[in-house]
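Asks: Have a look at the structure that comes next, please.
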Amino acid sequence: MDVIELLPRLHLLRFPVGQAYLWRDGGELTLVDAGPAGSGAPIAEAVTALGRHPRDVRRIVLTHFHEDHAGGAGEFAALSGAEVLVHRLDAPVVRGDAPGPPPLFEDWELPLHEQAVKLLPEGDFARPRQVTEVSGGDVLDMGGGAQIVHVPGHTHGSIALHLPEQGVLFTGDTVAASPVDGTVMPGVFNLDRAQVLAACLRLAELDADVACFGHGDPVTGQAARALRSAALGRPAWAVF
């Protein structure tokens, strides 16, 4: 797992598939997404290498239920005691109470999905013992007030996390960036692509300066412009 400093208070944690983010408020840390199954211990090691203790991570905010984002949540929560937060519509899937609806793949997405699956651990992942359900409009005590933005389309309960005072936006898989040239685009493997395009426009209106994606390099300047471009629905390619 690669650990990359994006801002003095923000680090990217990159896994073989997908990525998570670590945000710092003084002595308190927030983890946004938790990587695939098996990521709990590597995340704890990364936190320790940054001079902090896993118990300093007070919350894990999941942008959606997919295993490359939620798979490590139960493991790391058990290690750290962190609270796991997820939108109420995705919470039953994260808890293991209900199956998650499969994406409606476009033809060109199928080989991308096959490639991603090969990089993920086999079998189910450890479920968090408890989750806290959130909804759009809720505000979390981090970054001066982090706003939960409900952006259905990738999953029914997909959320973005907006820190207005910091100009930072975590988009989850609603938005991605190409590994080829960094072009920002709508995410793939969606339930409803039209909703995802609408969500891209909504996120662009937040006028964030920094945008952190579930896949691909973050944009660390004038992110709103890139998000508006993504909402136009440019052709996508591999994002893993």
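Chain labels run A, B, ... following the order of the structure tokens; each chain numbers its residues from 1, and ligands are numbered from 1 in the order shown.
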Could you tell me, as a PyMOL selection string, which residues of range 4-125 of chain A DSSP assigns to strand (DSSP E or B) when given the backbone?
Replies: chain A and resi 4-7+10-14+19-25+28-32+57-61+83-87
Asks: Would you mind listing, for every residue of range 119-163 of chain A within 12 Å of range 75-88 of chain A, the two atoms forming the shortest contact and the distance between them in Å to one decimal, using only C-alpha atoms, sorted by chain and ascending residue number, as a Markdown table?
Replies:
| residue | atom | partner | partner_atom | distance |
| --- | --- | --- | --- | --- |
| A:Phe125 | CA | A:Glu75 | CA | 8.7 |
| A:Ala126 | CA | A:Glu75 | CA | 6.3 |
| A:Arg127 | CA | A:Glu75 | CA | 7.8 |
| A:Pro128 | CA | A:Ala77 | CA | 6.9 |
| A:Arg129 | CA | A:Ala78 | CA | 8.5 |
| A:Gln130 | CA | A:Val84 | CA | 7.1 |
| A:Val131 | CA | A:Val84 | CA | 5.0 |
| A:Thr132 | CA | A:Leu85 | CA | 4.7 |
| A:Glu133 | CA | A:Arg88 | CA | 4.7 |
| A:Val134 | CA | A:His87 | CA | 4.7 |
| A:Ser135 | CA | A:His87 | CA | 5.6 |
| A:Gly136 | CA | A:His87 | CA | 8.0 |
| A:Gly137 | CA | A:His87 | CA | 11.1 |
| A:Asp138 | CA | A:His87 | CA | 10.2 |
| A:Val139 | CA | A:Leu85 | CA | 11.9 |
| A:Leu140 | CA | A:Leu85 | CA | 10.1 |
| A:Ile148 | CA | A:His87 | CA | 8.9 |
| A:Val149 | CA | A:His87 | CA | 9.8 |
| A:His150 | CA | A:His87 | CA | 8.0 |
| A:Val151 | CA | A:His87 | CA | 10.3 |
| A:Pro152 | CA | A:His87 | CA | 10.3 |
| A:Thr155 | CA | A:His87 | CA | 10.3 |
| A:His156 | CA | A:His87 | CA | 9.0 |
| A:Gly157 | CA | A:His87 | CA | 5.3 |
| A:Ser158 | CA | A:His87 | CA | 7.0 |
| A:Ile159 | CA | A:His87 | CA | 7.0 |
| A:Ala160 | CA | A:His87 | CA | 10.2 |
| A:Leu161 | CA | A:Val86 | CA | 11.2 |
Asks: Out of A:Gly214, A:Gly18, A:Gly40, A:Pro103, which residue has the shortest atom-to-atom distance to Leu169 in chain A when counting only C-alpha atoms?
Replies: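 So, comparing all the options, the nearest one is A:Gly214.
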Asks: What is the CA of Leu10 in chain A to CA of Gly72 in chain A distance in Å?
Replies: 19.4 Å
Asks: Hey, what does DSSP flag as helix (DSSP H, G or I) within range 14-231 of chain A? Can you give it to me as JSON, numbers by chain?
Replies: {"A": [40, 41, 42, 43, 44, 45, 46, 47, 48, 49, 54, 55, 56, 67, 68, 69, 70, 73, 74, 75, 76, 77, 78, 79, 80, 91, 92, 93, 94, 95, 107, 108, 109, 110, 111, 112, 113, 114, 115, 116, 117, 118, 119, 193, 194, 195, 196, 197, 198, 199, 200, 201, 202, 203, 204, 223, 224, 225, 226, 227, 228, 229, 230, 231]}
Asks: Excluding Ala211 in chain A and residues on its chain fewer than 4 positions from it, collect all residues at most 12 Å away from it, counting only C-alpha atoms, and give them as a count of residues only.
Replies: 41
Asks: Return the single residue from A:Gly187, A:Leu232, A:Val57, A:Pro36 that is closest to Trp23 in chain A, with distances computed using only C-alpha atoms.
Replies: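 Under the stated criterion, the closest residue is A:Val57.
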